Each structure stands twice: as C-alpha cells, then as structure tokens.
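Text of the file start_15.tsv, holding TSV, C-alpha atoms and all ligand atoms:
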```tsv
chain	number	residue	atom	x	y	z
A	1	MET	CA	9.85	5.09	-20.40
A	2	ASP	CA	13.12	4.89	-18.46
A	3	LEU	CA	12.17	5.59	-14.85
A	4	GLY	CA	15.77	6.51	-14.01
A	5	ILE	CA	15.89	4.43	-10.81
A	6	LYS	CA	17.93	1.41	-11.93
A	7	GLY	CA	20.33	0.45	-9.12
A	8	LYS	CA	18.34	2.17	-6.39
A	9	ARG	CA	17.13	0.18	-3.36
A	10	ALA	CA	13.57	-0.11	-2.10
A	11	ILE	CA	11.75	-1.51	0.90
A	12	VAL	CA	8.30	-2.79	-0.08
A	13	CYS	CA	6.21	-3.80	2.93
A	14	ALA	CA	3.50	-6.47	2.77
A	15	ALA	CA	4.59	-7.56	-0.69
A	16	SER	CA	4.24	-11.33	-1.06
A	17	LYS	CA	0.84	-10.92	-2.74
A	18	GLY	CA	-1.63	-8.43	-4.14
A	19	LEU	CA	-0.94	-4.72	-4.50
A	20	GLY	CA	2.34	-4.78	-2.57
A	21	ARG	CA	3.64	-7.49	-4.86
A	22	GLY	CA	2.47	-5.47	-7.87
A	23	CYS	CA	4.58	-2.55	-6.63
A	24	ALA	CA	7.58	-4.81	-6.00
A	25	GLU	CA	7.27	-6.30	-9.51
A	26	ALA	CA	7.16	-2.90	-11.20
A	27	LEU	CA	10.12	-1.58	-9.19
A	28	ALA	CA	12.11	-4.74	-9.95
A	29	ALA	CA	11.30	-4.32	-13.65
A	30	ALA	CA	12.81	-0.82	-13.39
A	31	GLY	CA	16.03	-2.34	-12.02
A	32	VAL	CA	15.48	-1.56	-8.34
A	33	ASP	CA	16.97	-3.92	-5.71
A	34	LEU	CA	14.41	-4.91	-3.12
A	35	VAL	CA	13.74	-5.76	0.48
A	36	ILE	CA	10.27	-7.32	0.54
A	37	ASN	CA	8.24	-8.26	3.57
A	38	ALA	CA	5.21	-10.30	4.62
A	39	ARG	CA	4.41	-12.52	7.62
A	40	THR	CA	4.19	-15.93	5.91
A	41	ARG	CA	7.67	-17.20	5.04
A	42	ASP	CA	6.79	-19.66	2.24
A	43	ALA	CA	4.74	-17.27	0.13
A	44	LEU	CA	7.28	-14.51	0.69
A	45	ASP	CA	10.22	-16.68	-0.40
A	46	ALA	CA	8.31	-17.83	-3.49
A	47	THR	CA	7.68	-14.20	-4.46
A	48	ALA	CA	11.33	-13.29	-3.85
A	49	ASP	CA	12.46	-16.17	-6.08
A	50	ALA	CA	10.04	-15.13	-8.83
A	51	LEU	CA	11.21	-11.50	-8.72
A	52	ARG	CA	14.89	-12.48	-8.90
A	53	ALA	CA	14.25	-14.86	-11.79
A	54	ALA	CA	12.15	-12.40	-13.77
A	55	HIS	CA	14.17	-9.22	-13.26
A	56	GLY	CA	17.68	-10.18	-12.14
A	57	VAL	CA	17.61	-7.77	-9.19
A	58	SER	CA	18.71	-8.49	-5.62
A	59	VAL	CA	15.76	-9.39	-3.37
A	60	THR	CA	15.99	-9.82	0.41
A	61	ALA	CA	12.93	-11.38	2.03
A	62	VAL	CA	12.09	-10.46	5.64
A	63	ALA	CA	9.28	-12.51	7.21
A	64	ALA	CA	7.86	-10.25	9.91
A	65	ASP	CA	4.70	-8.49	11.03
A	66	ILE	CA	5.11	-4.90	9.85
A	67	ALA	CA	2.46	-3.76	12.33
A	68	THR	CA	4.84	-4.43	15.23
A	69	PRO	CA	7.92	-2.45	16.31
A	70	ASP	CA	10.04	-5.65	16.13
A	71	GLY	CA	8.89	-6.35	12.58
A	72	GLN	CA	9.58	-2.78	11.53
A	73	ALA	CA	13.09	-2.96	13.05
A	74	GLU	CA	13.88	-6.19	11.15
A	75	VAL	CA	12.75	-4.74	7.85
A	76	LEU	CA	14.59	-1.45	8.45
A	77	GLU	CA	17.80	-3.29	9.31
A	78	ALA	CA	17.65	-5.32	6.10
A	79	GLY	CA	16.93	-2.17	4.10
A	80	THR	CA	19.44	0.19	5.68
A	81	GLY	CA	20.14	3.05	3.30
A	82	ALA	CA	17.19	2.33	1.00
A	83	ASP	CA	16.13	5.13	-1.37
A	84	ILE	CA	12.50	4.10	-1.75
A	85	LEU	CA	9.85	3.02	0.77
A	86	VAL	CA	6.48	1.51	-0.11
A	87	ASN	CA	4.27	1.22	2.96
A	88	ASN	CA	1.55	-1.41	2.99
A	89	ALA	CA	-0.14	-3.86	5.37
A	90	GLY	CA	-3.28	-5.95	5.38
A	91	GLY	CA	-6.53	-4.04	5.76
A	92	PRO	CA	-8.78	-4.25	8.84
A	93	PRO	CA	-11.81	-6.56	8.72
A	94	PRO	CA	-15.26	-5.22	7.82
A	95	GLY	CA	-17.83	-4.83	10.58
A	96	MET	CA	-20.38	-2.60	12.28
A	97	TRP	CA	-19.63	0.74	13.98
A	98	SER	CA	-21.44	-0.34	17.14
A	99	ASP	CA	-19.28	-3.47	17.61
A	100	TRP	CA	-15.74	-2.09	17.37
A	101	THR	CA	-13.77	-2.01	20.60
A	102	ARG	CA	-10.77	0.06	21.59
A	103	ASP	CA	-8.55	-2.96	20.84
A	104	ASP	CA	-10.01	-3.20	17.31
A	105	PHE	CA	-9.12	0.44	16.70
A	106	ILE	CA	-5.62	0.01	18.15
A	107	ALA	CA	-4.97	-2.96	15.81
A	108	ALA	CA	-6.15	-0.95	12.79
A	109	LEU	CA	-4.10	2.09	13.82
A	110	ASP	CA	-1.00	-0.07	14.36
A	111	ALA	CA	-1.19	-1.66	10.90
A	112	ASN	CA	-2.55	1.14	8.73
A	113	MET	CA	-1.39	4.35	10.41
A	114	LEU	CA	1.36	3.92	13.01
A	115	ALA	CA	3.44	1.34	11.08
A	116	PRO	CA	3.82	3.52	7.96
A	117	ILE	CA	4.50	6.55	10.17
A	118	ALA	CA	7.21	4.62	12.06
A	119	MET	CA	8.81	3.49	8.80
A	120	MET	CA	8.81	7.03	7.43
A	121	LYS	CA	10.13	8.49	10.68
A	122	ALA	CA	13.02	6.01	10.58
A	123	MET	CA	13.90	6.51	6.90
A	124	LEU	CA	13.19	10.16	6.12
A	125	PRO	CA	16.25	11.63	7.89
A	126	GLU	CA	18.70	9.61	5.73
A	127	MET	CA	16.71	10.30	2.56
A	128	CYS	CA	16.82	14.03	3.35
A	129	ASP	CA	20.57	13.87	4.05
A	130	ARG	CA	21.15	12.14	0.71
A	131	GLY	CA	18.93	14.65	-1.10
A	132	TRP	CA	16.72	12.01	-2.74
A	133	GLY	CA	13.94	9.72	-1.62
A	134	ARG	CA	10.51	8.41	-2.58
A	135	VAL	CA	7.77	7.15	-0.29
A	136	VAL	CA	4.48	5.68	-1.47
A	137	ASN	CA	1.79	4.71	1.04
A	138	ILE	CA	-0.91	2.31	-0.05
A	139	THR	CA	-4.13	3.56	1.56
A	140	SER	CA	-7.62	3.21	0.11
A	141	GLN	CA	-10.39	4.76	-1.96
A	142	SER	CA	-12.17	4.96	1.40
A	143	VAL	CA	-10.01	8.01	2.25
A	144	LYS	CA	-12.01	10.00	-0.32
A	145	SER	CA	-15.29	8.11	-0.17
A	146	PRO	CA	-15.88	6.18	3.06
A	147	ILE	CA	-16.95	2.55	2.92
A	148	PRO	CA	-19.26	2.21	5.95
A	149	VAL	CA	-18.45	-1.44	6.80
A	150	LEU	CA	-14.73	-0.59	6.70
A	151	GLY	CA	-14.90	2.03	9.45
A	152	LEU	CA	-11.69	0.79	11.06
A	153	SER	CA	-9.91	1.32	7.74
A	154	ASN	CA	-11.62	4.69	7.12
A	155	SER	CA	-10.43	5.92	10.51
A	156	ALA	CA	-6.83	4.67	10.45
A	157	ARG	CA	-6.17	5.75	6.88
A	158	ALA	CA	-7.59	9.21	7.50
A	159	GLY	CA	-4.98	9.61	10.26
A	160	LEU	CA	-2.13	8.54	7.97
A	161	THR	CA	-3.40	10.85	5.24
A	162	GLY	CA	-3.28	13.81	7.60
A	163	TYR	CA	0.28	12.96	8.66
A	164	VAL	CA	1.44	12.69	5.05
A	165	ALA	CA	-0.26	15.95	4.06
A	166	GLY	CA	1.97	17.90	6.43
A	167	THR	CA	5.15	15.82	6.44
A	168	SER	CA	5.39	15.58	2.64
A	169	ARG	CA	5.55	19.38	2.49
A	170	GLN	CA	8.34	19.49	5.06
A	171	VAL	CA	10.66	17.04	3.28
A	172	ALA	CA	10.02	18.04	-0.36
A	173	GLN	CA	12.75	20.70	-0.18
A	174	PHE	CA	15.29	17.86	0.31
A	175	GLY	CA	14.29	15.98	-2.84
A	176	VAL	CA	12.11	13.55	-0.90
A	177	ASN	CA	8.60	12.95	-2.23
A	178	ILE	CA	5.82	11.28	-0.25
A	179	ASN	CA	2.52	10.40	-1.93
A	180	ASN	CA	-0.40	8.07	-1.25
A	181	MET	CA	-2.05	5.64	-3.65
A	182	LEU	CA	-5.74	5.01	-3.07
A	183	PRO	CA	-6.86	1.67	-4.50
A	184	GLY	CA	-10.46	1.08	-5.43
A	185	ILE	CA	-11.43	-2.54	-5.93
A	186	HIS	CA	-8.54	-4.61	-7.27
A	187	ALA	CA	-8.47	-8.31	-8.08
A	188	THR	CA	-6.48	-9.58	-5.08
A	189	ASP	CA	-7.11	-11.96	-2.17
A	190	ARG	CA	-8.47	-8.97	-0.24
A	191	ALA	CA	-11.14	-8.40	-2.91
A	192	VAL	CA	-12.08	-12.09	-2.87
A	193	ALA	CA	-12.42	-11.95	0.93
A	194	LEU	CA	-14.67	-8.88	0.72
A	195	ASP	CA	-16.77	-10.53	-2.02
A	196	GLY	CA	-17.11	-13.52	0.30
A	197	GLY	CA	-18.41	-11.22	3.05
A	198	VAL	CA	-21.04	-9.70	0.71
A	199	SER	CA	-21.98	-13.19	-0.49
A	200	ARG	CA	-22.64	-14.39	3.05
A	201	ALA	CA	-24.42	-11.21	4.15
A	202	GLN	CA	-26.78	-11.18	1.13
A	203	ASN	CA	-27.05	-14.95	0.67
A	204	ILE	CA	-25.83	-14.78	-2.93
A	205	SER	CA	-22.93	-16.51	-4.69
A	206	VAL	CA	-19.42	-15.03	-4.67
A	207	GLU	CA	-19.72	-14.57	-8.45
A	208	GLU	CA	-22.94	-12.60	-8.00
A	209	ALA	CA	-21.31	-10.50	-5.29
A	210	LYS	CA	-18.40	-9.75	-7.66
A	211	ALA	CA	-20.77	-8.90	-10.54
A	212	GLN	CA	-22.69	-6.53	-8.24
A	213	ARG	CA	-19.50	-4.73	-7.25
A	214	GLU	CA	-18.21	-4.57	-10.84
A	215	ALA	CA	-21.47	-2.91	-11.86
A	216	THR	CA	-20.71	-0.03	-9.43
A	217	ILE	CA	-17.39	0.72	-11.21
A	218	PRO	CA	-17.53	2.84	-14.39
A	219	ALA	CA	-14.70	0.70	-15.86
A	220	ARG	CA	-16.93	-2.37	-15.11
A	221	ARG	CA	-14.04	-4.45	-13.84
A	222	TYR	CA	-11.63	-4.75	-10.95
A	223	GLY	CA	-8.18	-3.17	-11.24
A	224	THR	CA	-5.05	-5.29	-11.51
A	225	ALA	CA	-1.95	-5.40	-9.35
A	226	GLU	CA	0.11	-4.74	-12.51
A	227	GLU	CA	-1.69	-1.46	-13.21
A	228	PHE	CA	-1.31	-0.46	-9.59
A	229	GLY	CA	2.39	-1.34	-9.55
A	230	ALA	CA	3.06	0.72	-12.68
A	231	MET	CA	1.74	3.85	-10.99
A	232	CYS	CA	3.74	3.09	-7.87
A	233	ALA	CA	6.96	2.76	-9.89
A	234	PHE	CA	6.23	6.05	-11.65
A	235	LEU	CA	5.73	7.81	-8.29
A	236	CYS	CA	9.10	6.38	-7.23
A	237	SER	CA	10.78	7.51	-10.45
A	238	GLN	CA	12.94	10.49	-11.35
A	239	HIS	CA	9.94	11.93	-13.20
A	240	ALA	CA	7.84	12.32	-10.05
A	241	GLY	CA	9.98	14.92	-8.30
A	242	PHE	CA	7.28	17.61	-8.49
A	243	ILE	CA	4.47	15.39	-7.14
A	244	VAL	CA	4.16	16.12	-3.42
A	245	GLY	CA	1.61	14.96	-0.87
A	246	GLN	CA	-0.93	13.77	-3.41
A	247	ASN	CA	-3.67	11.17	-2.95
A	248	ILE	CA	-3.89	9.31	-6.22
A	249	LEU	CA	-7.07	7.37	-6.79
A	250	LEU	CA	-6.93	4.17	-8.86
A	251	ASP	CA	-10.57	3.11	-8.81
A	252	GLY	CA	-11.88	2.73	-12.38
A	253	GLY	CA	-13.95	5.88	-11.78
A	254	ALA	CA	-15.83	4.47	-8.78
A	255	VAL	CA	-15.62	7.63	-6.67
A	256	ASN	CA	-18.16	9.94	-8.29
A	257	ALA	CA	-16.44	13.27	-7.81
A	258	THR	CA	-15.14	16.01	-10.11
A	259	LEU	CA	-11.89	16.53	-8.17
B	1	LIG	P1	-3.77	-9.03	-0.14
B	1	LIG	O1	-3.90	-9.50	-1.55
B	1	LIG	O2	-4.52	-9.73	0.93
B	1	LIG	O3	-2.20	-9.04	0.20
B	1	LIG	C1	-1.77	-8.57	1.44
B	1	LIG	C2	-0.27	-8.74	1.53
B	1	LIG	O4	0.17	-8.10	2.73
B	1	LIG	C3	0.19	-10.17	1.64
B	1	LIG	O5	1.48	-10.29	1.06
B	1	LIG	C4	0.26	-10.39	3.15
B	1	LIG	O6	1.09	-11.48	3.47
B	1	LIG	C5	0.83	-9.05	3.58
B	1	LIG	N1	0.51	-8.62	4.94
B	1	LIG	C6	-0.71	-8.48	5.49
B	1	LIG	N2	-0.60	-8.05	6.76
B	1	LIG	C7	0.73	-7.91	7.00
B	1	LIG	C8	1.48	-7.50	8.13
B	1	LIG	N3	0.87	-7.14	9.28
B	1	LIG	N4	2.83	-7.46	8.04
B	1	LIG	C9	3.45	-7.81	6.90
B	1	LIG	N5	2.79	-8.22	5.80
B	1	LIG	C10	1.45	-8.26	5.85
B	1	LIG	O7	-4.20	-7.48	0.01
B	1	LIG	P2	-4.27	-6.34	-1.11
B	1	LIG	O8	-5.55	-6.43	-1.82
B	1	LIG	O9	-3.01	-6.32	-1.87
B	1	LIG	O10	-4.39	-5.03	-0.18
B	1	LIG	C11	-3.26	-4.30	0.22
B	1	LIG	C12	-3.77	-3.08	0.99
B	1	LIG	O11	-4.59	-2.29	0.14
B	1	LIG	C13	-4.62	-3.45	2.20
B	1	LIG	O12	-4.37	-2.55	3.27
B	1	LIG	C14	-6.02	-3.27	1.69
B	1	LIG	O13	-6.94	-2.98	2.72
B	1	LIG	C15	-5.84	-2.09	0.76
B	1	LIG	N6	-6.91	-2.02	-0.24
B	1	LIG	C16	-7.09	-3.03	-1.11
B	1	LIG	C17	-8.11	-2.95	-2.03
B	1	LIG	C18	-8.39	-4.06	-3.01
B	1	LIG	O14	-9.42	-4.02	-3.69
B	1	LIG	N7	-7.53	-5.06	-3.14
B	1	LIG	C19	-8.94	-1.82	-2.05
B	1	LIG	C20	-8.72	-0.80	-1.15
B	1	LIG	C21	-7.69	-0.91	-0.23
B	1	LIG	P3	0.96	-12.23	4.90
B	1	LIG	O15	-0.50	-12.45	5.13
B	1	LIG	O16	1.74	-13.47	4.73
B	1	LIG	O17	1.56	-11.31	5.91
```
Turn this file's structure into structure tokens for me.
Amino acid sequence: MDLGIKGKRAIVCAASKGLGRGCAEALAAAGVDLVINARTRDALDATADALRAAHGVSVTAVAADIATPDGQAEVLEAGTGADILVNNAGGPPPGMWSDWTRDDFIAALDANMLAPIAMMKAMLPEMCDRGWGRVVNITSQSVKSPIPVLGLSNSARAGLTGYVAGTSRQVAQFGVNINNMLPGIHATDRAVALDGGVSRAQNISVEEAKAQREATIPARRYGTAEEFGAMCAFLCSQHAGFIVGQNILLDGGAVNATL
C-alpha cells in the first residue's frame, strides 16, 4: 500500500533502538525524511547510517535527552517544519507503590507525559496552519490494563492519554491527527530488562521469565518492532485522516477485554 507520505518530514523521538527505531524504519521505508533522537551518540549515529543506507532518505541525528526542555529544543530546531511527530522516551523503572518519592514521579512525568505534551504544543500550531499533520504517541498497554509494578508508568501515561483525548479533538478540524499506540510486550531491550527483573524477583532464569510472560499472551510470543512500526507508519499516512484520538493496542491479545 502506498502510504502517500513520501517526501514528508518526521521527528521520531527515542529512536536509536526498539519501538522508536521500528517507527523510524517504517516511515523511512515510506520515503519520509527523518530527524531521529536518543541520548547515546554512537548507537544513534549507527541507526541513522543504517536508515540512510536502507531507504535513501535524509536522516538527521540529534543526541539529546528528550525529557529535558533543552533536549526538546534541540530536536525541534533540527525538525523545524516537520509534518509528523512520533513521541517516545524510555519507560520508568518497575518498583513498589510504597517506595516512590515525589522525585520519582516528577522524572516519570517529565519523560512520559510532559515531554510529549511539550513537543505537541510546539509543533501543533504549524501543523494546523499547514492543514496537515500526524502525531503518534507511544504509551503502553498499561493505559488500559495497569501493570502494578509499573505504577510510575501507569500514572504518567494516564495523564498523557487524557491530554490527547481532548487535544486531538481540537486539532482534527485542521487535518491534524493525534493517536496513541499502546504496546504490549515487544522484543526490545526494555522487555529483556523487565524479564531480568522477574528473573531476579522469582529466582528463575531469564528464559523461564520470558516463557512465563509469553504464556500470558494469546499470541504466545512477544511483538516485534517491525510490526509496531508498520502500524505507526499507517497512522502517519494519508489513509489515517479519520482516525482521531484513538488508543491502539498492540498486545497479541494480552488485555482480556471486549472493547
Ligand atoms: P528500548 O528498546 O529500551 O529503547 C528505548 C530507546 O529510547 C532507545 O533508543 C533509547 O536510547 C531511547 N531513549 C530512552 N530514554 C530517552 C530519553 N530520555 N531521551 C531520548 N531518548 C531516549 O525501549 P522500547 O522497548 O522500545 O520502549 C519504548 C517505550 O515503549 C518505552 O516508554 C517503554 O516503556 C514503552 N513500552 C515498551 C514495551 C515493550 O515491551 N518493549 C511495552 C510497553 C511499553 P538512549 O538510551 O541512548 O537514550
């Protein structure tokens, strides 16, 4: 399917690895020029090189912490006039509700709620003026079905989800579509880290921890960054103009709910 976005420009935050990289790959395959971001310069540059080589698009790499105002400003400057924004950042660490401090919550809010809001607030006016724009926020399955040890994530992402629910309906009239993608378990470094946590907590091997988690997913496997990226590119395409403020679950059926 021709997504109709060849030649458009996208900012993809937190995109040197994992789901963000999957989104960057799929957009690049559709002919979209990219600004990609992550904190670690070497991994980011390697991803930028790979994207250029594979897809022949222009890729600008901005090494910065997207959770900070300075990082956001650097990325926004490199991506001035971009048509597409994919918001992403690392997820907060797991833990126990009784241990989290105010500072822990502020860090989670900065990365997973206030950073995407700041990026949208900066880019939406120009998108509305141009009469076209697409925003995809990577959130989590935990928005629909909370994961108790990820309470910092549950809380921050719920706040972002509320913001998007209202804002998406205010900008849709200008041809600007904002939607959220809710990953269930995907085979990325984040999943390996969480398997490691389960392995230590239950005194089992990482492989056993993974097998346990796979057994909870109707598809009996983890998702891939490629599958995730394909949905992201579709939501950024010309075909997604009537999809507004949705929370799209990619979880292999893990959330046991009818709607
Ligand atoms: P990942 O494989 O660990 O990749 C994270 C990427 O984000 C890396 O490129 C990392 O590079 C970059 N990054 C992290 N913090 C950043 C920051 N503050 N500023 C800029 N770049 C940053 O993670 P993932 O699995 O793709 O997860 C992406 C998001 O989806 C996370 O918020 C995660 O919680 C959420 N999620 C993932 C899953 C899953 O199963 N994978 C499930 C539900 C939700 P640097 O470290 O170099 O910055």
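Pairwise distance (atom CA of A:Leu250, atom CA of A:Pro148) equals 19.4 Å.
Minimum distance to ligand LIG 1 (chain B) across A:Ile117, A:Ala219, A:Ala172, A:Leu152 (counting all atoms listed in the file) occurs at A:Leu152.
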Name the residues, by chain letter and number, that sit within 8 Å of ligand LIG 1 (chain B) using all atoms listed in the file, and give them as a ChimeraX atom specification.
/A:13-21,37-41,43-44,63-68,71,88-92,111-112,138-142,153,182-191,222-223,225
Name all residues at most 12 Å from stretch 123-126 of chain A (count all atoms listed in the file; drop same-chain ones fewer than 2 positions away) and give them as a PyMOL selection string.
chain A and resi 10-11+72-73+75-77+79-87+116-121+128-135+167-168+170-172+174-178
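From atom CA of A:Ile147 back to atom CA of A:Ser98, the distance works out to 15.2 Å.
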A:Ala26 environment, 10 Å, only C-alpha atoms, sequence neighbours closer than 3 positions dropped, as a ChimeraX atom specification:
/A:21-23,29-32,51,55,225-234
